[in-house]
$ cat upload26.cif   # mmCIF, C-alpha atoms
data_structure
#
loop_
_atom_site.label_atom_id
_atom_site.label_comp_id
_atom_site.auth_asym_id
_atom_site.auth_seq_id
_atom_site.Cartn_x
_atom_site.Cartn_y
_atom_site.Cartn_z
CA MET A 488 -27.49 29.32 -6.43
CA THR A 489 -24.32 28.67 -8.43
CA MET A 490 -22.80 31.95 -7.28
CA VAL A 491 -23.46 31.08 -3.63
CA MET A 492 -21.77 27.69 -4.08
CA MET A 493 -18.74 29.28 -5.76
CA LEU A 494 -18.38 31.90 -3.01
CA THR A 495 -18.77 29.27 -0.29
CA THR A 496 -16.20 27.04 -1.95
CA THR A 497 -13.75 29.91 -2.40
CA ALA A 498 -14.18 31.01 1.22
CA LEU A 499 -13.74 27.47 2.51
CA ILE A 500 -10.59 26.96 0.43
CA THR A 501 -9.14 30.25 1.63
CA VAL A 502 -9.85 29.47 5.29
CA LEU A 503 -8.35 25.98 4.98
CA MET A 504 -5.23 27.36 3.27
CA PHE A 505 -4.68 29.89 6.06
CA ILE A 506 -5.22 27.21 8.71
CA ALA A 507 -2.78 24.87 6.96
CA PHE A 508 -0.20 27.65 6.76
CA TRP A 509 -0.43 28.89 10.37
CA LEU A 510 -1.30 25.70 12.27
CA PRO A 511 1.79 23.46 11.88
CA ASN A 512 4.55 23.52 14.45
CA THR A 513 7.62 24.99 12.73
CA ASN A 514 10.08 24.48 15.59
CA GLN A 515 12.96 22.43 14.25
CA ASP A 516 14.41 19.91 16.69
CA MET A 517 16.97 17.14 16.28
CA GLU A 518 14.31 14.51 15.64
CA LYS A 519 12.83 16.45 12.73
CA LEU A 520 16.21 17.34 11.26
CA SER A 521 17.57 13.77 11.31
CA PRO A 522 17.11 11.73 8.10
CA TYR A 523 14.65 8.87 8.17
CA GLU A 524 16.08 5.64 6.81
CA CYS A 525 13.30 3.06 7.06
CA GLY A 526 13.74 2.56 10.78
CA PHE A 527 17.50 1.98 10.59
CA ASP A 528 20.08 4.16 12.30
CA PRO A 529 21.39 6.52 9.57
CA LEU A 530 24.64 7.12 11.43
CA GLY A 531 25.81 3.50 11.33
CA SER A 532 27.52 1.62 8.56
CA ALA A 533 25.83 1.63 5.16
CA ARG A 534 26.92 -1.97 4.58
CA LEU A 535 24.67 -3.67 7.12
CA PRO A 536 23.12 -6.85 5.73
CA PHE A 537 19.38 -6.84 5.16
CA SER A 538 17.25 -9.71 6.24
CA MET A 539 15.69 -11.53 3.31
CA ARG A 540 12.47 -11.70 5.34
CA PHE A 541 11.80 -8.03 4.57
CA PHE A 542 12.02 -8.73 0.85
CA LEU A 543 9.82 -11.81 1.16
CA ILE A 544 7.09 -9.85 2.91
CA ALA A 545 7.34 -7.09 0.28
CA ILE A 546 7.05 -9.60 -2.57
CA LEU A 547 4.07 -11.32 -0.93
CA PHE A 548 2.40 -7.95 -0.47
CA LEU A 549 2.93 -7.09 -4.14
CA LEU A 550 1.66 -10.51 -5.18
CA PHE A 551 -1.59 -10.23 -3.27
CA ASP A 552 -1.98 -6.60 -4.25
CA LEU A 553 -1.78 -7.78 -7.86
CA GLU A 554 -4.35 -10.45 -7.04
CA ILE A 555 -6.81 -7.82 -5.87
CA ALA A 556 -6.17 -5.75 -8.99
CA LEU A 557 -6.83 -8.76 -11.20
CA LEU A 558 -9.99 -9.79 -9.34
CA LEU A 559 -11.46 -6.29 -9.16
CA PRO A 560 -13.26 -6.48 -12.55
CA THR A 561 -14.92 -9.79 -11.62
CA PRO A 562 -18.31 -8.25 -10.66
CA TRP A 563 -18.49 -6.58 -14.08
CA ALA A 564 -17.90 -9.94 -15.76
CA ASN A 565 -21.60 -10.65 -15.33
CA GLN A 566 -22.30 -8.11 -18.07
CA LEU A 567 -20.26 -10.03 -20.66
CA ASN A 568 -21.65 -12.55 -23.13
CA THR A 569 -19.82 -15.40 -21.37
CA PRO A 570 -19.54 -14.46 -17.69
CA SER A 571 -18.69 -18.03 -16.69
CA THR A 572 -15.39 -17.86 -18.63
CA SER A 573 -14.29 -14.66 -16.89
CA ILE A 574 -15.28 -15.93 -13.47
CA PHE A 575 -13.50 -19.25 -14.16
CA LEU A 576 -10.30 -17.43 -15.11
CA ALA A 577 -10.52 -15.22 -12.00
CA MET A 578 -11.02 -18.28 -9.79
CA LEU A 579 -8.08 -19.99 -11.52
CA ILE A 580 -5.83 -17.04 -10.68
CA LEU A 581 -7.10 -17.07 -7.12
CA LEU A 582 -6.49 -20.82 -6.86
CA LEU A 583 -2.93 -20.52 -8.17
CA LEU A 584 -2.10 -17.73 -5.76
CA THR A 585 -3.64 -19.63 -2.86
CA LEU A 586 -1.62 -22.72 -3.72
CA GLY A 587 1.51 -20.56 -3.83
CA LEU A 588 0.69 -19.14 -0.41
CA ILE A 589 0.12 -22.61 1.02
CA TYR A 590 3.43 -23.79 -0.44
CA GLU A 591 5.25 -20.78 1.03
CA TRP A 592 3.60 -21.40 4.40
CA LEU A 593 4.53 -25.10 4.44
CA GLN A 594 8.14 -24.31 3.48
CA GLY A 595 8.37 -21.98 6.51
CA GLY A 596 8.91 -18.84 4.47
CA LEU A 597 6.40 -16.88 6.52
CA GLU A 598 8.06 -17.66 9.85
CA TRP A 599 9.70 -14.48 11.08
CA ALA A 600 11.80 -16.04 13.83
CA GLU A 601 14.24 -18.75 12.81
#

$ encode --input "upload26.cif" --output "structure tokens"
Amino acid sequence: MTMVMMLTTTALITVLMFIAFWLPNTNQDMEKLSPYECGFDPLGSARLPFSMRFFLIAILFLLFDLEIALLLPTPWANQLNTPSTSIFLAMLILLLLTLGLIYEWLQGGLEWAE
């Protein structure tokens, strides 16, 4: 049984490698050869000012991504000796981040158009 699984896996890997090698379109055109610069025209001036809105959205994304990372172990907190302490601390973090989001919203920091 193990030998059959190894042969099947090896055959599948080989077939997928050949498909991945022969399937892509290798014709180079101007669109593929041009550098990609985050949606900006790479042929213009390099000194164009950036909108601070982009940085705000990036920071908010990182903040709430961190929130998810901090709250991820919360279900396992039930296995601890004092699960109420862990859940309280997680809810405190969530409350602080929510208050920060509300403050940012009320200050108009999330409005894209001025």

$ resolve_selection --input "upload26.cif" --expression "the PyMOL selection byres ((chain A and resi 540) around 10)" --output "CSV table (one decimal) with C-alpha atoms, in the frame of the given file"
chain,number,residue,atom,x,y,z
A,537,PHE,CA,19.4,-6.8,5.2
A,538,SER,CA,17.2,-9.7,6.2
A,539,MET,CA,15.7,-11.5,3.3
A,541,PHE,CA,11.8,-8.0,4.6
A,542,PHE,CA,12.0,-8.7,0.8
A,543,LEU,CA,9.8,-11.8,1.2
A,544,ILE,CA,7.1,-9.8,2.9
A,545,ALA,CA,7.3,-7.1,0.3
A,546,ILE,CA,7.0,-9.6,-2.6
A,596,GLY,CA,8.9,-18.8,4.5
A,597,LEU,CA,6.4,-16.9,6.5
A,598,GLU,CA,8.1,-17.7,9.8
A,599,TRP,CA,9.7,-14.5,11.1
A,600,ALA,CA,11.8,-16.0,13.8

$ atom_distance --input "upload26.cif" --atom1 "atom CA of A:Leu588" --atom2 "atom CA of A:Phe551"
9.6 Å

$ atom_distance --input "upload26.cif" --atom1 "atom CA of A:Leu558" --atom2 "atom CA of A:Ala577"
6.1 Å

$ atom_distance --input "upload26.cif" --atom1 "atom CA of A:Leu520" --atom2 "atom CA of A:Leu503"
26.8 Å

$ build_atoms --input "upload26.cif" --residues "stretch 552-563 of chain A" --atoms "all heavy atoms" --output "PDB file, in the coordinates of the input"
ATOM      1  N   ASP A 552      -1.456  -7.852  -3.744  1.00  0.00           N
ATOM      2  CA  ASP A 552      -1.980  -6.600  -4.250  1.00  0.00           C
ATOM      3  C   ASP A 552      -2.332  -6.768  -5.734  1.00  0.00           C
ATOM      4  O   ASP A 552      -3.369  -6.278  -6.195  1.00  0.00           O
ATOM      5  CB  ASP A 552      -0.944  -5.488  -4.060  1.00  0.00           C
ATOM      6  CG  ASP A 552      -1.533  -4.126  -4.315  1.00  0.00           C
ATOM      7  OD1 ASP A 552      -2.676  -3.898  -3.882  1.00  0.00           O
ATOM      8  OD2 ASP A 552      -0.845  -3.296  -4.936  1.00  0.00           O
ATOM      9  N   LEU A 553      -1.498  -7.477  -6.464  1.00  0.00           N
ATOM     10  CA  LEU A 553      -1.780  -7.780  -7.860  1.00  0.00           C
ATOM     11  C   LEU A 553      -3.016  -8.661  -7.974  1.00  0.00           C
ATOM     12  O   LEU A 553      -3.833  -8.500  -8.886  1.00  0.00           O
ATOM     13  CB  LEU A 553      -0.578  -8.472  -8.497  1.00  0.00           C
ATOM     14  CG  LEU A 553      -0.740  -8.932  -9.937  1.00  0.00           C
ATOM     15  CD1 LEU A 553      -0.894  -7.737 -10.861  1.00  0.00           C
ATOM     16  CD2 LEU A 553       0.441  -9.770 -10.357  1.00  0.00           C
ATOM     17  N   GLU A 554      -3.166  -9.582  -7.042  1.00  0.00           N
ATOM     18  CA  GLU A 554      -4.350 -10.450  -7.040  1.00  0.00           C
ATOM     19  C   GLU A 554      -5.622  -9.624  -6.931  1.00  0.00           C
ATOM     20  O   GLU A 554      -6.580  -9.840  -7.674  1.00  0.00           O
ATOM     21  CB  GLU A 554      -4.266 -11.439  -5.887  1.00  0.00           C
ATOM     22  CG  GLU A 554      -5.515 -12.244  -5.691  1.00  0.00           C
ATOM     23  CD  GLU A 554      -5.498 -12.992  -4.375  1.00  0.00           C
ATOM     24  OE1 GLU A 554      -4.447 -13.084  -3.727  1.00  0.00           O
ATOM     25  OE2 GLU A 554      -6.568 -13.497  -4.005  1.00  0.00           O
ATOM     26  N   ILE A 555      -5.627  -8.672  -6.037  1.00  0.00           N
ATOM     27  CA  ILE A 555      -6.810  -7.820  -5.870  1.00  0.00           C
ATOM     28  C   ILE A 555      -7.066  -7.022  -7.139  1.00  0.00           C
ATOM     29  O   ILE A 555      -8.206  -6.866  -7.575  1.00  0.00           O
ATOM     30  CB  ILE A 555      -6.631  -6.892  -4.658  1.00  0.00           C
ATOM     31  CG1 ILE A 555      -6.552  -7.720  -3.374  1.00  0.00           C
ATOM     32  CG2 ILE A 555      -7.765  -5.888  -4.556  1.00  0.00           C
ATOM     33  CD1 ILE A 555      -7.760  -8.568  -3.097  1.00  0.00           C
ATOM     34  N   ALA A 556      -6.003  -6.515  -7.758  1.00  0.00           N
ATOM     35  CA  ALA A 556      -6.170  -5.750  -8.990  1.00  0.00           C
ATOM     36  C   ALA A 556      -6.724  -6.610 -10.119  1.00  0.00           C
ATOM     37  O   ALA A 556      -7.505  -6.142 -10.946  1.00  0.00           O
ATOM     38  CB  ALA A 556      -4.840  -5.127  -9.400  1.00  0.00           C
ATOM     39  N   LEU A 557      -6.321  -7.880 -10.160  1.00  0.00           N
ATOM     40  CA  LEU A 557      -6.830  -8.760 -11.200  1.00  0.00           C
ATOM     41  C   LEU A 557      -8.263  -9.208 -10.935  1.00  0.00           C
ATOM     42  O   LEU A 557      -9.029  -9.465 -11.863  1.00  0.00           O
ATOM     43  CB  LEU A 557      -5.924  -9.989 -11.342  1.00  0.00           C
ATOM     44  CG  LEU A 557      -4.553  -9.729 -11.947  1.00  0.00           C
ATOM     45  CD1 LEU A 557      -3.714 -10.996 -11.885  1.00  0.00           C
ATOM     46  CD2 LEU A 557      -4.674  -9.242 -13.375  1.00  0.00           C
ATOM     47  N   LEU A 558      -8.638  -9.329  -9.676  1.00  0.00           N
ATOM     48  CA  LEU A 558      -9.990  -9.790  -9.340  1.00  0.00           C
ATOM     49  C   LEU A 558     -10.999  -8.659  -9.252  1.00  0.00           C
ATOM     50  O   LEU A 558     -12.199  -8.908  -9.158  1.00  0.00           O
ATOM     51  CB  LEU A 558      -9.965 -10.566  -8.028  1.00  0.00           C
ATOM     52  CG  LEU A 558      -9.209 -11.886  -8.071  1.00  0.00           C
ATOM     53  CD1 LEU A 558      -9.224 -12.531  -6.703  1.00  0.00           C
ATOM     54  CD2 LEU A 558      -9.788 -12.808  -9.104  1.00  0.00           C
ATOM     55  N   LEU A 559     -10.546  -7.424  -9.288  1.00  0.00           N
ATOM     56  CA  LEU A 559     -11.460  -6.290  -9.160  1.00  0.00           C
ATOM     57  C   LEU A 559     -12.527  -6.244 -10.250  1.00  0.00           C
ATOM     58  O   LEU A 559     -13.683  -5.960  -9.956  1.00  0.00           O
ATOM     59  CB  LEU A 559     -10.650  -4.988  -9.122  1.00  0.00           C
ATOM     60  CG  LEU A 559     -11.382  -3.740  -8.695  1.00  0.00           C
ATOM     61  CD1 LEU A 559     -11.906  -3.904  -7.278  1.00  0.00           C
ATOM     62  CD2 LEU A 559     -10.472  -2.538  -8.768  1.00  0.00           C
ATOM     63  N   PRO A 560     -12.213  -6.533 -11.515  1.00  0.00           N
ATOM     64  CA  PRO A 560     -13.260  -6.480 -12.550  1.00  0.00           C
ATOM     65  C   PRO A 560     -14.220  -7.659 -12.541  1.00  0.00           C
ATOM     66  O   PRO A 560     -15.121  -7.720 -13.371  1.00  0.00           O
ATOM     67  CB  PRO A 560     -12.478  -6.467 -13.870  1.00  0.00           C
ATOM     68  CG  PRO A 560     -11.069  -6.286 -13.522  1.00  0.00           C
ATOM     69  CD  PRO A 560     -10.893  -6.652 -12.103  1.00  0.00           C
ATOM     70  N   THR A 561     -14.065  -8.597 -11.634  1.00  0.00           N
ATOM     71  CA  THR A 561     -14.920  -9.790 -11.620  1.00  0.00           C
ATOM     72  C   THR A 561     -16.413  -9.467 -11.516  1.00  0.00           C
ATOM     73  O   THR A 561     -17.210 -10.089 -12.224  1.00  0.00           O
ATOM     74  CB  THR A 561     -14.482 -10.740 -10.499  1.00  0.00           C
ATOM     75  OG1 THR A 561     -13.106 -11.049 -10.686  1.00  0.00           O
ATOM     76  CG2 THR A 561     -15.277 -12.023 -10.518  1.00  0.00           C
ATOM     77  N   PRO A 562     -16.861  -8.529 -10.689  1.00  0.00           N
ATOM     78  CA  PRO A 562     -18.310  -8.250 -10.660  1.00  0.00           C
ATOM     79  C   PRO A 562     -18.856  -7.742 -11.990  1.00  0.00           C
ATOM     80  O   PRO A 562     -20.011  -7.984 -12.316  1.00  0.00           O
ATOM     81  CB  PRO A 562     -18.450  -7.176  -9.583  1.00  0.00           C
ATOM     82  CG  PRO A 562     -17.271  -7.359  -8.716  1.00  0.00           C
ATOM     83  CD  PRO A 562     -16.174  -7.829  -9.606  1.00  0.00           C
ATOM     84  N   TRP A 563     -18.029  -7.076 -12.794  1.00  0.00           N
ATOM     85  CA  TRP A 563     -18.490  -6.580 -14.080  1.00  0.00           C
ATOM     86  C   TRP A 563     -18.486  -7.680 -15.135  1.00  0.00           C
ATOM     87  O   TRP A 563     -18.972  -7.485 -16.240  1.00  0.00           O
ATOM     88  CB  TRP A 563     -17.636  -5.403 -14.537  1.00  0.00           C
ATOM     89  CG  TRP A 563     -17.897  -4.199 -13.717  1.00  0.00           C
ATOM     90  CD1 TRP A 563     -18.942  -3.346 -13.843  1.00  0.00           C
ATOM     91  CD2 TRP A 563     -17.131  -3.734 -12.620  1.00  0.00           C
ATOM     92  NE1 TRP A 563     -18.864  -2.360 -12.889  1.00  0.00           N
ATOM     93  CE2 TRP A 563     -17.754  -2.573 -12.118  1.00  0.00           C
ATOM     94  CE3 TRP A 563     -15.967  -4.170 -11.995  1.00  0.00           C
ATOM     95  CZ2 TRP A 563     -17.258  -1.862 -11.044  1.00  0.00           C
ATOM     96  CZ3 TRP A 563     -15.480  -3.462 -10.932  1.00  0.00           C
ATOM     97  CH2 TRP A 563     -16.121  -2.323 -10.464  1.00  0.00           C
TER      98      TRP A 563
END
